[in-house]
Structures are given as structure tokens and as C-alpha cells.
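Here's the structure we're looking at; comments come further down.
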Amino acid sequence: MFSLTKEERNALTFLFILAFSGLGLSYFAKTSVRAQKLLYAPESLARININKTTMKELLDSRCVSKRLAQQILAYRQEYGEFSSIDDLKKVKGIGERSYEKLKDLFYLG
């Protein structure tokens, strides 16, 4: 039916192997929790608008405890929007050490 040279057969074999490998990896990525953690950035790495965030968003970040989330929201309610990320240092419970861990999590918006 088809008359293929050795190189053409090798090229087709390579393409089939590549296609099936891609399908297998795609299936594995969709079904394996471990693979999803490797392939997709977790929500905890997403930056949060400090002036618009909600309790749920803060808790979903996994970087902020419930108590600290409450303190951040209470500070914002009492004093208004944050004018700079450095204002986090004014929140009860955030010292220099905590600030260094949290400063890259937030942005002003």
C-alpha cells in the first residue's frame, strides 16, 4: 500500500511515540494530585491585594493564620486602606520577622 523508506518509518514511529507519551503525561497530570502540585502554582503563591482582600483569600494563602487575618482586616477597618506594604508592621502581631515573610505576598491596589 505505502512504500516508506527506513527513515520515514523511523520518523513516523518517533511521532507516534511522542504523541502517545504526550497523551499519557496529560492523563497523569489530570489524575495525579502529586503531578498537579508540580505543574501548577498553588494559590498560596499568588499575590494578594492588601486593600481588597477577604478573610477567605487570606486563609487560602496558607501563609496567614486565622488570627493574623483577623488582625489585618481589623487594622484595615479601623485605619482605612494601607498606604504602603510597610504599614503591615503596624498590624498587631506582625513584627519584623513576620513582615519579611509576608511582604512579598501582598500588593497595593
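Within each chain, counting starts at residue 1; across the C-alpha cells, chains are named A, B, ... in the order shown, with ligands numbered 1 upward in that order.
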Within region 59-96 of chain A, find each residue whose DSSP state, derived from the backbone, is alpha helix (DSSP H), and express the selection as a PyMOL selection string.
chain A and resi 59-60+66-79+96
Using DSSP secondary structure from the backbone, list all strand (DSSP E or B) positions within chain A, as a list in words.
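Secondary structure check on chain A, strand (DSSP E or B): Ile48, Asn49, Phe106 and Tyr107 of chain A.
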How about saving the chosen residues, C-alpha atoms kept, as a PDB file, in the first residue's frame?
ATOM      1  CA  ILE A  48      -2.994  39.403  47.299  1.00  0.00           C
ATOM      2  CA  ASN A  49      -4.325  42.954  47.103  1.00  0.00           C
ATOM      3  CA  PHE A 106       0.754  41.427  49.229  1.00  0.00           C
ATOM      4  CA  TYR A 107       0.497  44.318  46.825  1.00  0.00           C
TER       5      TYR A 107
END
Taking only C-alpha atoms into account, which of A:Ala11, A:Val33, A:Leu23, A:Ile50 comes nearest Gly80 (chain A)?
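Among the listed residues, A:Ile50 lies closest to Gly80 (chain A).
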At a cut-off of 10 Å, using only C-alpha atoms, what residues contact Gly93 (chain A)? Leave out same-chain residues fewer than 5 positions from it and give the result as a list in words.
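Contacts, in chain order: Arg67, Leu68, Gln71, Ile72, Leu88, Ser98 and Tyr99 of chain A.
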Nearest candidate to Lys90 (chain A) (options A:Lys66, A:Leu108, A:Ala74, A:Leu58; using only C-alpha atoms):
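Among A:Lys66, A:Leu108, A:Ala74, A:Leu58, it is A:Ala74 that comes nearest to Lys90 (chain A).
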In Å, rounded to a single decimal, give me how far CA of Val91 (chain A) is from CA of Glu57 (chain A).
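One can read the CA of Glu57 (chain A) to CA of Val91 (chain A) distance as 17.8 Å.
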Excluding Thr54 (chain A) and any residue of its chain fewer than 5 positions from it, enumerate the residues within 9 Å of it, using only C-alpha atoms, and give them as a ChimeraX atom specification.
/A:59,69,73
Atoms kept (C-alpha atoms) for selection, written as a compact mmCIF listing (two decimals), in the first residue's frame:
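Just written: out-v7.txt:
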# COMPACT_ATOMS: atom_id res chain seq x y z
CA LEU A 59 -6.78 31.95 54.82
CA ALA A 69 -6.02 37.52 59.06
CA LEU A 73 -8.76 43.07 58.45
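We find CA of Cys63 (chain A) and CA of Lys30 (chain A) to be spaced 26.2 Å apart.
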